[in-house]
file my_file.cif (mmCIF, C-alpha atoms, pLDDT in the B column; chains and numbers go by the auth columns)
data_coords
loop_
_atom_site.group_PDB
_atom_site.id
_atom_site.type_symbol
_atom_site.label_atom_id
_atom_site.label_comp_id
_atom_site.label_asym_id
_atom_site.label_seq_id
_atom_site.Cartn_x
_atom_site.Cartn_y
_atom_site.Cartn_z
_atom_site.B_iso_or_equiv
_atom_site.auth_seq_id
_atom_site.auth_asym_id
ATOM 1 C CA MET A 1 -1.746 10.379 5.268 51.00 11 A
ATOM 2 C CA PHE A 2 -5.003 10.697 7.160 54.00 12 A
ATOM 3 C CA GLY A 3 -6.453 7.652 5.358 67.00 13 A
ATOM 4 C CA ASP A 4 -3.801 5.526 7.058 80.00 14 A
ATOM 5 C CA LEU A 5 -5.452 6.150 10.444 77.00 15 A
ATOM 6 C CA ASP A 6 -8.488 4.677 12.107 77.00 16 A
ATOM 7 C CA ALA A 7 -11.180 6.761 13.820 80.00 17 A
ATOM 8 C CA MET A 8 -9.102 6.869 17.030 79.00 18 A
ATOM 9 C CA GLY A 9 -6.066 8.327 15.232 77.00 19 A
ATOM 10 C CA HIS A 10 -4.024 5.096 15.310 81.00 20 A
ATOM 11 C CA MET A 11 -1.937 4.191 12.302 85.00 21 A
ATOM 12 C CA ASN A 12 -3.211 0.963 10.751 83.00 22 A
ATOM 13 C CA ASN A 13 -0.896 -1.982 10.088 86.00 23 A
ATOM 14 C CA LEU A 14 -1.089 -1.569 6.316 87.00 24 A
ATOM 15 C CA ALA A 15 0.384 1.930 6.675 89.00 25 A
ATOM 16 C CA LEU A 16 3.420 0.446 8.437 91.00 26 A
ATOM 17 C CA LEU A 17 3.839 -2.064 5.610 93.00 27 A
ATOM 18 C CA ARG A 18 3.767 0.823 3.117 92.00 28 A
ATOM 19 C CA LEU A 19 6.533 2.572 5.068 93.00 29 A
ATOM 20 C CA LEU A 20 8.607 -0.598 4.945 95.00 30 A
ATOM 21 C CA GLU A 21 8.050 -0.898 1.191 95.00 31 A
ATOM 22 C CA THR A 22 9.136 2.712 0.742 95.00 32 A
ATOM 23 C CA GLY A 23 12.264 1.921 2.771 96.00 33 A
ATOM 24 C CA ARG A 24 13.073 -1.089 0.568 94.00 34 A
ATOM 25 C CA ILE A 25 12.702 0.983 -2.587 93.00 35 A
ATOM 26 C CA ASP A 26 14.707 3.864 -1.110 95.00 36 A
ATOM 27 C CA TYR A 27 17.541 1.458 -0.237 95.00 37 A
ATOM 28 C CA MET A 28 17.659 0.125 -3.796 92.00 38 A
ATOM 29 C CA VAL A 29 17.645 3.638 -5.270 91.00 39 A
ATOM 30 C CA ARG A 30 20.280 5.043 -2.878 93.00 40 A
ATOM 31 C CA THR A 31 22.647 2.125 -3.455 91.00 41 A
ATOM 32 C CA GLY A 32 22.178 2.316 -7.217 87.00 42 A
ATOM 33 C CA LEU A 33 20.835 -1.242 -7.412 85.00 43 A
ATOM 34 C CA ALA A 34 17.572 0.036 -8.896 81.00 44 A
ATOM 35 C CA ALA A 35 19.521 1.268 -11.937 70.00 45 A
ATOM 36 C CA TYR A 36 20.340 -2.200 -13.292 65.00 46 A
ATOM 37 C CA ASP A 37 17.555 -2.484 -15.865 63.00 47 A
ATOM 38 C CA GLU A 38 18.448 -5.981 -16.973 63.00 48 A
ATOM 39 C CA LEU A 39 18.003 -7.333 -13.458 70.00 49 A
ATOM 40 C CA THR A 40 15.278 -7.032 -10.902 85.00 50 A
ATOM 41 C CA TYR A 41 14.133 -8.644 -7.672 89.00 51 A
ATOM 42 C CA VAL A 42 10.882 -9.793 -6.125 92.00 52 A
ATOM 43 C CA LEU A 43 9.760 -9.805 -2.502 94.00 53 A
ATOM 44 C CA ALA A 44 9.456 -13.514 -1.674 96.00 54 A
ATOM 45 C CA ARG A 45 8.905 -13.365 2.091 97.00 55 A
ATOM 46 C CA LEU A 46 7.890 -10.690 4.561 96.00 56 A
ATOM 47 C CA GLU A 47 7.788 -11.198 8.321 97.00 57 A
ATOM 48 C CA THR A 48 6.684 -8.219 10.406 97.00 58 A
ATOM 49 C CA ASP A 49 6.373 -7.692 14.148 96.00 59 A
ATOM 50 C CA PHE A 50 4.044 -4.850 15.098 94.00 60 A
ATOM 51 C CA ARG A 51 5.416 -3.489 18.376 94.00 61 A
ATOM 52 C CA SER A 52 3.357 -0.355 19.135 92.00 62 A
ATOM 53 C CA GLN A 53 0.726 1.870 17.563 88.00 63 A
ATOM 54 C CA GLY A 54 1.591 4.909 15.541 89.00 64 A
ATOM 55 C CA GLN A 55 -0.405 8.065 16.253 86.00 65 A
ATOM 56 C CA PHE A 56 -1.475 11.002 14.153 84.00 66 A
ATOM 57 C CA GLY A 57 1.401 13.502 14.160 85.00 67 A
ATOM 58 C CA ASP A 58 4.180 10.981 14.873 89.00 68 A
ATOM 59 C CA HIS A 59 7.442 11.687 13.052 93.00 69 A
ATOM 60 C CA LEU A 60 8.688 8.283 11.883 94.00 70 A
ATOM 61 C CA THR A 61 11.983 6.979 10.538 95.00 71 A
ATOM 62 C CA CYS A 62 12.516 3.738 8.627 96.00 72 A
ATOM 63 C CA GLY A 63 15.937 2.100 8.865 97.00 73 A
ATOM 64 C CA THR A 64 16.880 -0.528 6.282 97.00 74 A
ATOM 65 C CA ARG A 65 19.880 -2.826 5.903 97.00 75 A
ATOM 66 C CA ILE A 66 20.788 -6.032 4.137 96.00 76 A
ATOM 67 C CA THR A 67 22.078 -8.648 6.562 95.00 77 A
ATOM 68 C CA LYS A 68 22.549 -11.888 4.601 95.00 78 A
ATOM 69 C CA LEU A 69 23.336 -12.981 1.080 94.00 79 A
ATOM 70 C CA GLY A 70 22.034 -16.244 -0.338 94.00 80 A
ATOM 71 C CA ARG A 71 22.731 -17.834 -3.703 95.00 81 A
ATOM 72 C CA THR A 72 19.678 -16.239 -5.386 96.00 82 A
ATOM 73 C CA SER A 73 18.389 -14.063 -2.563 96.00 83 A
ATOM 74 C CA PHE A 74 19.263 -11.525 0.081 95.00 84 A
ATOM 75 C CA THR A 75 17.763 -10.800 3.485 96.00 85 A
ATOM 76 C CA MET A 76 16.745 -7.290 4.452 97.00 86 A
ATOM 77 C CA GLU A 77 15.983 -6.122 7.992 98.00 87 A
ATOM 78 C CA GLN A 78 14.022 -2.968 8.744 98.00 88 A
ATOM 79 C CA SER A 79 12.708 -1.022 11.718 97.00 89 A
ATOM 80 C CA VAL A 80 10.334 1.927 11.973 96.00 90 A
ATOM 81 C CA TRP A 81 10.690 4.186 15.007 96.00 91 A
ATOM 82 C CA ARG A 82 9.552 7.491 16.476 94.00 92 A
ATOM 83 C CA ASP A 83 11.827 10.419 17.311 94.00 93 A
ATOM 84 C CA ASP A 84 11.913 9.213 20.941 94.00 94 A
ATOM 85 C CA GLY A 85 13.402 5.895 19.759 94.00 95 A
ATOM 86 C CA SER A 86 10.349 3.745 20.441 95.00 96 A
ATOM 87 C CA ILE A 87 9.862 1.030 17.841 96.00 97 A
ATOM 88 C CA LEU A 88 6.590 0.722 15.932 95.00 98 A
ATOM 89 C CA GLY A 89 7.607 -2.358 14.002 96.00 99 A
ATOM 90 C CA ARG A 90 10.392 -4.584 12.766 97.00 100 A
ATOM 91 C CA SER A 91 10.523 -6.570 9.585 98.00 101 A
ATOM 92 C CA THR A 92 12.634 -9.212 7.893 98.00 102 A
ATOM 93 C CA SER A 93 12.184 -9.791 4.190 97.00 103 A
ATOM 94 C CA ILE A 94 13.750 -12.052 1.615 97.00 104 A
ATOM 95 C CA LEU A 95 14.204 -10.671 -1.882 95.00 105 A
ATOM 96 C CA VAL A 96 15.025 -12.919 -4.829 95.00 106 A
ATOM 97 C CA ALA A 97 17.123 -11.781 -7.795 93.00 107 A
ATOM 98 C CA LEU A 98 15.403 -12.328 -11.157 91.00 108 A
ATOM 99 C CA GLY A 99 16.821 -12.495 -14.655 86.00 109 A
ATOM 100 C CA ALA A 100 15.854 -10.545 -17.753 81.00 110 A
ATOM 101 C CA ASP A 101 12.567 -12.461 -18.093 83.00 111 A
ATOM 102 C CA LYS A 102 11.599 -11.112 -14.636 83.00 112 A
ATOM 103 C CA ALA A 103 10.439 -14.600 -13.666 88.00 113 A
ATOM 104 C CA THR A 104 13.468 -16.864 -13.242 91.00 114 A
ATOM 105 C CA PRO A 105 15.601 -16.706 -10.072 95.00 115 A
ATOM 106 C CA ILE A 106 19.273 -16.137 -10.818 94.00 116 A
ATOM 107 C CA PRO A 107 22.369 -16.028 -8.608 95.00 117 A
ATOM 108 C CA VAL A 108 22.750 -12.644 -6.925 93.00 118 A
ATOM 109 C CA PRO A 109 25.073 -10.813 -9.328 90.00 119 A
ATOM 110 C CA GLU A 110 28.601 -10.235 -8.081 90.00 120 A
ATOM 111 C CA ARG A 111 28.298 -6.497 -8.755 89.00 121 A
ATOM 112 C CA TRP A 112 25.190 -6.383 -6.515 90.00 122 A
ATOM 113 C CA ILE A 113 27.149 -8.122 -3.757 92.00 123 A
ATOM 114 C CA GLN A 114 29.982 -5.604 -4.112 92.00 124 A
ATOM 115 C CA VAL A 115 27.583 -2.634 -4.038 92.00 125 A
ATOM 116 C CA ILE A 116 25.702 -3.995 -1.013 93.00 126 A
ATOM 117 C CA GLN A 117 28.849 -4.764 1.006 93.00 127 A
ATOM 118 C CA GLU A 118 30.322 -1.386 0.168 94.00 128 A
ATOM 119 C CA TRP A 119 27.096 0.373 1.205 94.00 129 A
ATOM 120 C CA GLU A 120 26.831 -1.694 4.402 94.00 130 A
ATOM 121 C CA GLN A 121 30.571 -1.194 5.052 91.00 131 A
ATOM 122 C CA ARG A 122 30.992 -4.798 6.122 86.00 132 A
ATOM 123 C CA GLN A 123 31.189 -8.375 4.882 83.00 133 A
ATOM 124 C CA LEU A 124 27.760 -9.969 4.950 82.00 134 A
ATOM 125 C CA GLU A 125 26.915 -13.455 6.143 76.00 135 A
ATOM 126 C CA GLU A 126 26.524 -15.752 3.160 78.00 136 A
ATOM 127 C CA VAL A 127 23.923 -18.503 3.482 77.00 137 A
ATOM 128 C CA GLY A 128 22.936 -21.358 1.183 68.00 138 A
#
call {"tool": "encode", "arguments": {"input": "my_file.cif", "output": "structure tokens"}}
result
Amino acid sequence: MFGDLDAMGHMNNLALLRLLETGRIDYMVRTGLAAYDELTYVLARLETDFRSQGQFGDHLTCGTRITKLGRTSFTMEQSVWRDDGSILGRSTSILVALGADKATPIPVPERWIQVIQEWEQRQLEEVG
């Protein structure tokens, strides 16, 4: 979107964060985790490294994967890159599983763990 650019045609940092959010949501939808109405998650931590500036007309891709499973949380890593492979930014986020009240952390459900490991096609590091 043009509003995501400054007067020089550079993509602002907030636009990159929106791409990362879209990637997180897309991951949850594609894996089917977004379909569990009785459970939800909240973004508890977001760490982002801005590596280079995006430009008007760049074609960007956002890659997303879950790398670690905690007792009540999971760690997601993401990158946004151009077609030439150059990285605009990298992010690590921690998402916490919440119960039906959408306020209380709960252990990551076993069925979520199974879905995630099947999607990732590997056993994930378990922490905590």
call {"tool": "resolve_selection", "arguments": {"input": "my_file.cif", "expression": "the PyMOL selection byres ((chain A and resi 85-88) around 8)", "output": "list in words"}}
result
Leu30, Gly33, Cys72, Gly73, Thr74, Arg75, Ile76, Thr77, Lys78, Leu79, Gly80, Ser83, Phe84, Ser89, Val90, Arg100, Ser101, Thr102, Ser103, Ile104 and Leu105 of chain A
call {"tool": "closest_residue", "arguments": {"input": "my_file.cif", "among": "A:Asp36, A:Arg55, A:Leu49, A:Leu27", "to": "Lys112 (chain A)", "atoms": "all atoms listed in the file"}}
result
A:Leu49
call {"tool": "closest_residue", "arguments": {"input": "my_file.cif", "among": "A:Tyr51, A:Glu136, A:Arg40, A:Ile97", "to": "Ala110 (chain A)", "atoms": "all atoms listed in the file"}}
result
A:Tyr51
call {"tool": "closest_residue", "arguments": {"input": "my_file.cif", "among": "A:Thr82, A:His20, A:Asp14, A:Leu53", "to": "Glu120 (chain A)", "atoms": "all atoms listed in the file"}}
result
A:Thr82
call {"tool": "closest_residue", "arguments": {"input": "my_file.cif", "among": "A:Gln63, A:Thr50, A:Thr41, A:Thr71", "to": "Glu128 (chain A)", "atoms": "only C-alpha atoms"}}
result
A:Thr41
call {"tool": "closest_residue", "arguments": {"input": "my_file.cif", "among": "A:Val106, A:Ile35, A:Val118, A:Leu98", "to": "His69 (chain A)", "atoms": "all atoms listed in the file"}}
result
A:Leu98
call {"tool": "closest_residue", "arguments": {"input": "my_file.cif", "among": "A:Ile126, A:Leu70, A:Ala17, A:Ile116", "to": "Asp94 (chain A)", "atoms": "all atoms listed in the file"}}
result
A:Leu70
call {"tool": "resolve_selection", "arguments": {"input": "my_file.cif", "expression": "the PyMOL selection byres ((chain A and resi 64) around 12)", "output": "PyMOL selection string"}}
result
chain A and resi 14-16+18-26+29+60-63+65-71+90-93+96-99
call {"tool": "axis_aligned_box", "arguments": {"input": "my_file.cif", "around": "region 131-135 of chain A", "padding_each_side": "5 Å", "output": "lines of an AutoDock Vina configuration file"}}
result
center_x = 29.1
center_y = -7.3
center_z = 5.5
size_x = 14.3
size_y = 22.3
size_z = 11.3
call {"tool": "atom_distance", "arguments": {"input": "my_file.cif", "atom1": "CA of Gly95 (chain A)", "atom2": "CA of Gly42 (chain A)"}}
result
28.6 Å
call {"tool": "atom_distance", "arguments": {"input": "my_file.cif", "atom1": "CA of Leu56 (chain A)", "atom2": "CA of Pro119 (chain A)"}}
result
22.1 Å
call {"tool": "atom_distance", "arguments": {"input": "my_file.cif", "atom1": "CA of Gln127 (chain A)", "atom2": "CA of Leu108 (chain A)"}}
result
19.6 Å
